[in-house]
Number of protein chains: 4
Amino acid sequence: MYEKELEYPVKTVRAGVWGVSGYTGREVFSLLLKHRGVRVTYVAANNTQGPLPEIFQEFLNRTTLVCRPFSVKKTAKRCDVVFLALPHTQSMAVVPKLLKAGLKVIDLSADYRLKSPEVYEQWYGHKHDDIRNLSKAVYGLPELFRQKIKGAVFVANPGCYPTAAVLGLAPLIATAKDILSIVVDAKSGVSGAGRKAAVEKLFGEVSENFKAYKVLSHQHAPEIEQYCSQLAGRETPIHFVAHLLPITRGILNTMYVHLKEGIALNQLYNLYKKFYKIEPFVRVHPLGSQPEVKSVANTNFCDIGLAVSPDKKMVVITSAIDNLVKGAAGQAVQNMNLMLGFNETEGLL
Amino acid sequence: MYEKELEYPVKTVRAGVWGVSGYTGREVFSLLLKHRGVRVTYVAANNTQGPLPEIFQEFLNRTTLVCRPFSVKKTAKRCDVVFLALPHTQSMAVVPKLLKAGLKVIDLSADYRLKSPEVYEQWYGHKHDDIRNLSKAVYGLPELFRQKIKGAVFVANPGCYPTAAVLGLAPLIATAKDILSIVVDAKSGVSGAGRKAAVEKLFGEVSENFKAYKVLSHQHAPEIEQYCSQLAGRETPIHFVAHLLPITRGILNTMYVHLKEGIALNQLYNLYKKFYKIEPFVRVHPLGSQPEVKSVANTNFCDIGLAVSPDKKMVVITSAIDNLVKGAAGQAVQNMNLMLGFNETEGLL
Amino acid sequence: MYEKELEYPVKTVRAGVWGVSGYTGREVFSLLLKHRGVRVTYVAANNTQGPLPEIFQEFLNRTTLVCRPFSVKKTAKRCDVVFLALPHTQSMAVVPKLLKAGLKVIDLSADYRLKSPEVYEQWYGHKHDDIRNLSKAVYGLPELFRQKIKGAVFVANPGCYPTAAVLGLAPLIATAKDILSIVVDAKSGVSGAGRKAAVEKLFGEVSENFKAYKVLSHQHAPEIEQYCSQLAGRETPIHFVAHLLPITRGILNTMYVHLKEGIALNQLYNLYKKFYKIEPFVRVHPLGSQPEVKSVANTNFCDIGLAVSPDKKMVVITSAIDNLVKGAAGQAVQNMNLMLGFNETEGLL
Amino acid sequence: MYEKELEYPVKTVRAGVWGVSGYTGREVFSLLLKHRGVRVTYVAANNTQGPLPEIFQEFLNRTTLVCRPFSVKKTAKRCDVVFLALPHTQSMAVVPKLLKAGLKVIDLSADYRLKSPEVYEQWYGHKHDDIRNLSKAVYGLPELFRQKIKGAVFVANPGCYPTAAVLGLAPLIATAKDILSIVVDAKSGVSGAGRKAAVEKLFGEVSENFKAYKVLSHQHAPEIEQYCSQLAGRETPIHFVAHLLPITRGILNTMYVHLKEGIALNQLYNLYKKFYKIEPFVRVHPLGSQPEVKSVANTNFCDIGLAVSPDKKMVVITSAIDNLVKGAAGQAVQNMNLMLGFNETEGLL
């Protein structure tokens with residue numbers, strides 16, 4: 001009697017994951033395992049090779065894929081779409097080849113997020129090598145650029161902090177004309193810094209600890225500024241401070257928008273509810289409720305909380321995401337769903 | 001082109017969850033949200049009422065169900081199957097009524113796990129009130145009792161420690177005739193103790209801490225002994241010590257079986273591989289690899305690792321599960337799948 | 001040859017601790033155990049009684065004191081000085097009696113920190129019952145009020161967030177005349193909320209989580225405003241948002257002071273170095289270095305980090321303390337040292 | 001009036017710390033800062049140089065020492081005693097020179113703990129280069145070898161697991177004549193593996209995780225066996241399994257001694273109380289109470305809990321220490337106190 005419901009759809013799209021041995025690459029792979037229209041056919045990494053279950057025992061009995069060194073040729077042969085979970089500067093070395101080979105590409109690095117190659121060089125310390133595709137890349141924030149993503153062949157997946165910041169600020173910034181200052185006090189779990197061994201990411205250093213880092217000098221600030229400026233229709237400087245939370249996954253941004261005239265709390269709430277009315281992955285919390293990192297962990301949701309000072313001039317917006325999901329792999333899958341015509345939420349709910 | 005694959009099956013079975021405001025009840029609800037054949041139609045709790053997203057903000061925009069006080073009548077009217085995530089002694093007060101109302105019942109409490117009402121009373125400090133159904137209850141460990149579960153109307157879902165212990169010990173105990181002693185050194189995350197407020201479960205007490213508790217006097221010991229004795233075909237005493245890990249979810253049992261004659265490691269490995277050959281949720285690790293709690297977290301897997309001392313007489317078996325999934329809610333859904341004729345892994349992979 | 005150095009000074013001052021079963025009371029007791037001039041002669045708590053090592057096993061073999069119900073009479077008989085680690089509203093019920101009995105009193109509750117009884121009532125929801133002593137209480141922040149504390153009989157020990165906030169803001173606020181807005185984005189470990197059982201403080205809720213709470217409505221905001229206004233010589237509104245960190249002890253405040261004219265980073269640094277030149281417990285970090293919670297855990301230090309935006313108008317000050325030490329018990333002992341003529345750092349380094 | 005009590009003794013002994021940039025070296029340095037008879041005059045490390053507060057910001061304003069590359073000459077010139085917190089095999093390369101230079105040496109590596117060079121080579125994979133001093137080294141477990149340590153010039157500081165295991169087993173093993181098997185199920189915080197960067201020690205790998213490692217093949221097993229055999233007066237095999245706890249500091253060993261005849265719980269308790277009667281750092285818990293890692297964290301205590309099965313044949317002993325204190329740096333300072341004639345507890349209470 002239930003048999004009909006258990007028919008699984010055939011997994012027809014073939015996907016590859018470059019950088020599968022890192023936290024982001026693993027998350028992409030893990031999400032695709034549950035996606036009913038996609039089959040992972042290729043996994044690769046630079047320094048780690050071997051059967052995937054030997055790299056991550058969680059995949060024991062779940063895949064027979066073997067992680068190999070990067071190969072554009074093999075990727076082109078075996079895949080329709082490829083996810084690049086690489087350190088910045090490494091993506092732009094291969095994107096042109098992968099695109100040329102006819103693949104759809106979703107790049108999770110920072111290489112194609114900033115429109116200006118000069119700003120890229122300033123913040124990432126490396127001249128941009130692929131200006132041609134830089135101008136073609138579609139910024140993969142579906143809530144702002146859904147239509148463009150649907151038609152895209154190449155998507156630059158947003159940074160984790162920018163995803164939480166831009167989604168949290170967008171409705172207000174697109175509307176308010178009297179902004180005096182914007183502070184983004186951002187806190188992230190340690191997986192945001194990747195899986196490469198480093199003393200400052202050791203359990204013994206992070207546990208029972210908390211600190212600010214790259215104060216007013218984080219490379220995600222210009223990414224946030226770029227899209228906030230675009231939304232506002234004018235230069236919109238952001239004061240951005242990052243902090244390291246003793247958790248594995250999750251970001252919470254607390255954002256302070258100082259307004260000259262101010263806004264009533266109800267007005268603010270309605271603005272946000274309307275802005276995100278049809279969004280499957282943005283949840284505006286009821287007034288009085290504040291998002292928690294744990295409630296969005298392992299999900300593709302971005303939760304938003306709102307408050308205003310008694311004089312209505314200081315707006316406090318909190319936004320929470322899982323940095324590995326909505327802040328990286330989940331958003332990448334969401335983008336793939338849009339690019340390939342799947343239901344936008346497939347594999348993500 | 002992908003549309004066909006996105007058709008979701010109709011959720012035709014109606015399920016209720018009693019005790020949804022606790023960790024186990026929440027996990028059952030959360031798993032059923034992803035189950036393609038089941039629709040949760042009723043949720044209830046004793047001390048906490050209101051819309052489910054107000055109790056757990058993770059369910060914001062995902063359900064409109066409202067948590068109400070327990071009602072057998074409403075459950076019978078709205079559900080085909082009901083999960084009881086209640087403290088022990090509370091289940092046996094309602095199971096007879098729910099069964100009488102024609103519901104299929106999966107009880108996650110300890111009330112129907114021990115065959116002997118005397119042993120129950122000794123360990124749980126309460127006379128058993130429902131001896132009739134006690135004799136009818138099927139112990140819901142699919143790896144040992146799959147056929148019985150398939151035909152069952154009422155299942156007693158195993159305890160978390162016993163699931164990990166019995167699955168880890170079963171192949172050896174069912175075979176070895178020369179056991180001198182069995183030690184189960186068990187470690188569990190704190191969610192195993194439930195969501196009720198108590199000083200000893202506060203973050204400030206548990207974090208950066210570790211301790212043994214109920215040393216040689218834990219109520220799960222007789223449950224383990226009962227099924228080990230059944231497997232061995234004779235009285236099989238277990239020395240069981242529980243420990244509290246500073247993690248939320250997960251159990252790792254390290255088990256020491258002292259043999260008179262001994263067993264070679266390869267022989268042991270083959271024994272386990274054969275015993276669990278067709279099991280979708282038991283993964284015997286390759287020799288040299290040891291299971292980790294994190295690799296089974298949020299999954300229904302039970303991972304098993306094997307080692308033997310040089311003289312072959314001390315066998316060390318490690319088994320890891322997520323106490324809330326394979327140790328509770330996931331196994332309950334697995335049992336439901338068997339009882340209702342779903343694919344056994346539906347909603348669990 | 002070393003014998004002389006091992007002579008311990010006689011512990012001549014007798015101290016009592018009310019509320020010893022909570023986190024703050026325990027910390028006071030623990031610090032006094034190492035203080036070479038003080039002997040704890042009396043411990044009491046409201047709901048928990050018995051030998052101290054039975055309440056906290058860390059004191060096994062270290063004390064024979066027994067925790068009893070509160071008694072002004074016994075305290076007066078056995079003590080020279082008493083620490084009150086009580087919930088707010090409970091302190092003001094006993095302070096008059098303890099002072100009348102001739103004791104020196106250090107109150108760690110919030111009852112005597114706000115100068116205005118009206119403000120107290122507004123934020124703590126209770127009419128102030130002891131206005132007479134409210135006006136006499138000396139605010140126990142030694143870096144600002146050292147001389148007053150030296151002569152005090154009764155000290156109101158500052159709140160944890162206010163200690164970190166006021167120390168972090170003081171040098172700038174006492175100087176800058178062009179402040180446009182002040183944001184205090186505060187993050188605290190969970191011990192700040194006390195040791196009383198509550199679901200939201202359970203390990204399973206706090207671990208791997210992070211959230212804002214009491215956004216723009218925390219009762220420590222008026223305390224910070226009161227002393228900042230005093231330093232500035234005019235009304236100084238603070239926008240204060242508290243967050244809960246998944247750590248046991250520690251606070252880090254990130255503070256954003258928006259200036260009209262701005263200040264150069266070096267000028268800011270010199271201002272802070274000068275302001276805290278002689279302070280044994282305030283450490284201004286070298287430019288480029290940011291304080292970490294772990295570096296001040298279990299110490300009485302307040303560490304401060306400084307940064308300024310390129311246009312010099314947004315000053316970012318971070319301050320870190322151990323909420324139980326400099327934010328409570330350590331500062332209380334520091335105050336006691338001043339009140340009794342001990343070296344200010346005795347028992348704290 | 002209190003001035004006399006505040007006179008600090010002159011710090012006359014000069015100490016050096018090699019390997020100060022690791023967790024153990026840092027802990028030695030930190031403890032010596034509080035020791036009233038010792039002044040640290042030299043710190044060195046292999047790969048990390050510079051002012052100590054730049055390596056560990058917790059020492060800001062607390063020391064002006066600069067960490068330099070290892071130098072026997074400088075150590076000899078500036079120190080009376082030197083602590084070696086080095087990886088194994090590195091100690092034996094320098095110990096002969098340091099001893100020859102007339103220094104008292106406390107080696108915290110594993111190089112001089114095993115009496116047999118063959119056993120050393122078997123477990124540490126390196127031929128022993130300093131057999132001469134190997135035979136002279138005194139094993140620095142004061143509870144067993146206090147008199148020898150008092151007269152020693154060179155002490156091999158015990159391993160962390162062996163300290164907890166041997167102290168927990170000693171009274172029973174020295175007495176019982178009918179032992180059938182001994183299991184040591186050991187759990188340690190991650191600082192035990194040092195501060196060197198490695199993926200498996202990253203926060204993202206350790207947090208919310210737990211696993212066994214080096215099952216029946218840990219290099220501390222022969223160290224435990226050596227001293228247990230010595231205590232028992234015969235070969236005493238140990239089945240040792242190590243586990244990694246998601247905490248920074250702390251070890252808890254749960255030990256199962258299977259006896260042929262058995263022992264009554266009270267008899268066991270009296271045996272332990274008597275054995276450790278005069279020990280300042282061993283605390284035998286009252287029956288029914290179990291030690292917790294958190295209660296010994298940052299202390300030099302070893303806490304012991306006792307239980308026996310109903311048939312009296314399975315004895316369960318739990319022992320808890322801070323692996324960096326009693327398991328390393330604290331015990332090293334305790335040994336130094338004995339070697340130099342200080343009060344044994346100086347700097348440790």
# chains A, B, ... in the order shown; residues from 1 in each chain; ligands from 1
call {"tool": "closest_atom_pairs", "arguments": {"of": "chain A", "to": "chain C", "cutoff": "6 Å", "atoms": "only C-alpha atoms", "output": "JSON lines"}}
result
{"residue": "A:Glu208", "atom": "CA", "partner": "C:Ile247", "partner_atom": "CA", "distance": 4.8}
{"residue": "A:Asn209", "atom": "CA", "partner": "C:Lys294", "partner_atom": "CA", "distance": 4.9}
{"residue": "A:Phe210", "atom": "CA", "partner": "C:Val293", "partner_atom": "CA", "distance": 5.3}
{"residue": "A:Lys211", "atom": "CA", "partner": "C:Glu292", "partner_atom": "CA", "distance": 4.7}
{"residue": "A:Ile247", "atom": "CA", "partner": "C:Glu208", "partner_atom": "CA", "distance": 4.8}
{"residue": "A:Glu292", "atom": "CA", "partner": "C:Lys211", "partner_atom": "CA", "distance": 4.7}
{"residue": "A:Val293", "atom": "CA", "partner": "C:Asn209", "partner_atom": "CA", "distance": 5.2}
{"residue": "A:Lys294", "atom": "CA", "partner": "C:Asn209", "partner_atom": "CA", "distance": 4.9}
call {"tool": "residues_around", "arguments": {"residues": "Phe281 in chain C", "least_positions_apart": "5", "cutoff": "12 Å", "atoms": "only C-alpha atoms", "output": "VMD selection string"}}
result
(chain C and resid 141 to 143 164 167 276 296 299 to 304 320 to 322 325 to 327 330 to 331 334 344 to 346 348 to 349) or (chain D and resid 60 to 62)
call {"tool": "atom_distance", "arguments": {"atom1": "CA of Tyr272 in chain C", "atom2": "CA of Val284 in chain C"}}
result
6.9 Å
call {"tool": "atom_distance", "arguments": {"atom1": "CA of Leu287 in chain A", "atom2": "CA of Leu324 in chain A"}}
result
27.2 Å
call {"tool": "residues_around", "arguments": {"residues": "Arg68 in chain B", "least_positions_apart": "5", "cutoff": "8 Å", "atoms": "only C-alpha atoms", "output": "list in words"}}
result
Val43, Ala44, Ala45, Asn46, Thr48, Gln49 and Gly50 of chain B
call {"tool": "write_last_selection", "arguments": {"atoms": "C-alpha atoms", "output": "PDB file, in the first residue's frame"}}
result
ATOM      1  CA  VAL B  43       1.616  16.425  19.237  1.00  0.00           C
ATOM      2  CA  ALA B  44       1.234  16.556  22.989  1.00  0.00           C
ATOM      3  CA  ALA B  45       3.197  17.191  26.161  1.00  0.00           C
ATOM      4  CA  ASN B  46       2.485  17.302  29.818  1.00  0.00           C
ATOM      5  CA  THR B  48       4.602  22.542  27.892  1.00  0.00           C
ATOM      6  CA  GLN B  49       1.874  23.718  25.558  1.00  0.00           C
ATOM      7  CA  GLY B  50       1.570  26.008  22.586  1.00  0.00           C
TER       8      GLY B  50
END
call {"tool": "atom_distance", "arguments": {"atom1": "CA of Lys277 in chain C", "atom2": "CA of Val20 in chain D"}}
result
28.8 Å
call {"tool": "residues_around", "arguments": {"residues": "range 336-343 of chain B", "least_positions_apart": "5", "cutoff": "12 Å", "atoms": "only C-alpha atoms", "output": "ChimeraX atom specification"}}
result
/A:1-8 /B:11-15,28,31-32,35-38,80-83,103-107,138,140-143,145-157,280,329-331,348-349
call {"tool": "select_by_dssp", "arguments": {"residues": "range 48-257 of chain D", "states": "alpha helix (DSSP H)", "output": "PyMOL selection string"}}
result
chain D and resi 52-55+72-78+91-100+117-124+131-136+142-150+160-173+203-206+221-232
call {"tool": "residues_around", "arguments": {"residues": "range 120-128 of chain A", "least_positions_apart": "6", "cutoff": "10 Å", "atoms": "only C-alpha atoms", "output": "JSON, numbers by chain"}}
result
{"A": [88, 89, 92, 93, 110, 111, 112, 113, 114, 134, 217, 218, 219, 220, 221, 222, 223]}
call {"tool": "write_last_selection", "arguments": {"atoms": "N, CA and C atoms", "output": "short mmCIF file (atom, residue, chain, number, x, y, z; two decimals), in the first residue's frame"}}
result
data_model
loop_
_atom_site.label_atom_id
_atom_site.label_comp_id
_atom_site.auth_asym_id
_atom_site.auth_seq_id
_atom_site.Cartn_x
_atom_site.Cartn_y
_atom_site.Cartn_z
N HIS A 88 40.87 30.43 -1.90
CA HIS A 88 40.88 31.49 -2.92
C HIS A 88 42.21 31.46 -3.67
N THR A 89 42.18 32.00 -4.85
CA THR A 89 43.27 31.98 -5.86
C THR A 89 43.37 30.64 -6.59
N MET A 92 40.34 30.47 -9.50
CA MET A 92 40.46 31.20 -10.76
C MET A 92 41.49 30.58 -11.71
N ALA A 93 42.29 29.66 -11.19
CA ALA A 93 43.23 28.96 -12.06
C ALA A 93 42.54 27.87 -12.88
N ALA A 110 36.37 32.67 -2.83
CA ALA A 110 36.09 34.11 -2.87
C ALA A 110 36.46 34.73 -4.20
N ASP A 111 36.95 33.92 -5.14
CA ASP A 111 37.59 34.50 -6.33
C ASP A 111 36.70 35.32 -7.24
N TYR A 112 35.42 35.03 -7.28
CA TYR A 112 34.56 35.74 -8.24
C TYR A 112 33.44 36.52 -7.57
N ARG A 113 33.62 36.83 -6.29
CA ARG A 113 32.54 37.53 -5.58
C ARG A 113 32.63 39.04 -5.69
N LEU A 114 33.86 39.56 -5.76
CA LEU A 114 34.04 41.01 -5.82
C LEU A 114 34.10 41.44 -7.28
N LEU A 134 35.22 36.88 -14.36
CA LEU A 134 34.80 37.67 -13.21
C LEU A 134 33.56 38.49 -13.58
N SER A 217 39.22 44.76 9.52
CA SER A 217 40.12 44.45 8.40
C SER A 217 39.85 43.06 7.82
N HIS A 218 38.61 42.60 7.88
CA HIS A 218 38.28 41.27 7.37
C HIS A 218 37.93 41.36 5.88
N GLN A 219 38.38 40.39 5.11
CA GLN A 219 38.19 40.41 3.66
C GLN A 219 36.73 40.24 3.24
N HIS A 220 35.85 39.89 4.16
CA HIS A 220 34.43 39.81 3.80
C HIS A 220 33.75 41.18 3.85
N ALA A 221 34.41 42.16 4.47
CA ALA A 221 33.80 43.49 4.57
C ALA A 221 33.53 44.10 3.19
N PRO A 222 34.50 44.09 2.27
CA PRO A 222 34.21 44.68 0.95
C PRO A 222 33.10 43.94 0.20
N GLU A 223 32.97 42.63 0.44
CA GLU A 223 31.88 41.87 -0.21
C GLU A 223 30.53 42.36 0.31
#
call {"tool": "residues_around", "arguments": {"residues": "Glu200 in chain D", "least_positions_apart": "2", "cutoff": "10 Å", "atoms": "only C-alpha atoms", "output": "short mmCIF file (atom, residue, chain, number, x, y, z; two decimals) with N, CA and C atoms, in the first residue's frame"}}
result
data_model
loop_
_atom_site.label_atom_id
_atom_site.label_comp_id
_atom_site.auth_asym_id
_atom_site.auth_seq_id
_atom_site.Cartn_x
_atom_site.Cartn_y
_atom_site.Cartn_z
N ARG A 195 39.58 23.31 7.28
CA ARG A 195 40.00 22.09 7.97
C ARG A 195 41.51 21.92 7.98
N ALA A 197 45.20 22.16 9.25
CA ALA A 197 45.75 22.17 10.61
C ALA A 197 46.40 23.50 10.92
N LEU A 202 43.06 24.65 17.12
CA LEU A 202 43.06 23.45 17.96
C LEU A 202 41.96 23.54 19.03
N PHE A 203 41.43 22.41 19.39
CA PHE A 203 40.42 22.38 20.45
C PHE A 203 40.91 23.09 21.70
N VAL D 190 42.23 16.74 25.30
CA VAL D 190 43.05 16.80 24.09
C VAL D 190 44.40 17.47 24.31
N ALA D 197 50.10 21.58 15.69
CA ALA D 197 48.94 21.58 14.81
C ALA D 197 48.74 20.22 14.15
N ALA D 198 47.52 19.74 14.15
CA ALA D 198 47.18 18.47 13.49
C ALA D 198 45.67 18.45 13.31
N LEU D 202 41.84 19.49 15.79
CA LEU D 202 41.08 20.72 15.53
C LEU D 202 39.78 20.72 16.32
N PHE D 203 39.35 21.89 16.69
CA PHE D 203 38.07 22.01 17.40
C PHE D 203 36.94 21.31 16.61
N GLY D 204 36.93 21.54 15.30
CA GLY D 204 35.87 20.98 14.46
C GLY D 204 35.86 19.46 14.43
N GLU D 205 36.95 18.84 14.83
CA GLU D 205 37.02 17.38 14.85
C GLU D 205 36.73 16.82 16.24
N VAL D 206 37.13 17.56 17.27
CA VAL D 206 37.09 17.05 18.65
C VAL D 206 35.77 17.39 19.35
#
call {"tool": "select_by_dssp", "arguments": {"residues": "range 107-302 of chain B", "states": "strand (DSSP E)", "output": "count of residues only"}}
result
38
call {"tool": "decode", "arguments": {"residues": "range 78-118 of chain C", "atoms": "C-alpha atoms", "output": "CSV table (one decimal), in the first residue's frame"}}
result
chain,number,residue,atom,x,y,z
C,78,ARG,CA,32.2,34.8,63.6
C,79,CYS,CA,33.2,37.3,61.0
C,80,ASP,CA,34.9,40.7,60.4
C,81,VAL,CA,33.8,40.9,56.8
C,82,VAL,CA,31.0,39.3,54.8
C,83,PHE,CA,30.5,38.7,51.1
C,84,LEU,CA,26.9,38.5,49.9
C,85,ALA,CA,26.6,36.4,46.8
C,86,LEU,CA,22.8,36.6,46.6
C,87,PRO,CA,20.1,37.1,44.0
C,88,HIS,CA,19.0,40.7,43.7
C,89,THR,CA,16.3,41.9,46.2
C,90,GLN,CA,17.7,39.4,48.8
C,91,SER,CA,20.7,41.5,49.6
C,92,MET,CA,18.8,44.6,50.6
C,93,ALA,CA,16.8,42.6,53.1
C,94,VAL,CA,19.9,41.8,55.2
C,95,VAL,CA,22.4,44.5,54.4
C,96,PRO,CA,21.0,46.9,57.1
C,97,LYS,CA,21.3,44.2,59.8
C,98,LEU,CA,24.8,43.2,58.8
C,99,LEU,CA,26.0,46.7,58.8
C,100,LYS,CA,24.3,47.5,62.1
C,101,ALA,CA,26.1,44.5,63.6
C,102,GLY,CA,29.4,46.2,62.7
C,103,LEU,CA,30.4,44.0,59.8
C,104,LYS,CA,32.2,45.2,56.7
C,105,VAL,CA,29.9,44.2,53.8
C,106,ILE,CA,30.7,43.5,50.2
C,107,ASP,CA,27.5,43.0,48.2
C,108,LEU,CA,27.8,41.1,44.9
C,109,SER,CA,24.1,41.5,44.0
C,110,ALA,CA,22.7,44.3,41.9
C,111,ASP,CA,20.9,45.9,44.9
C,112,TYR,CA,23.2,48.9,45.6
C,113,ARG,CA,24.7,49.6,42.2
C,114,LEU,CA,22.2,52.0,40.8
C,115,LYS,CA,22.1,55.4,42.6
C,116,SER,CA,18.5,56.0,41.8
C,117,PRO,CA,15.8,53.8,43.6
C,118,GLU,CA,13.4,54.6,40.8
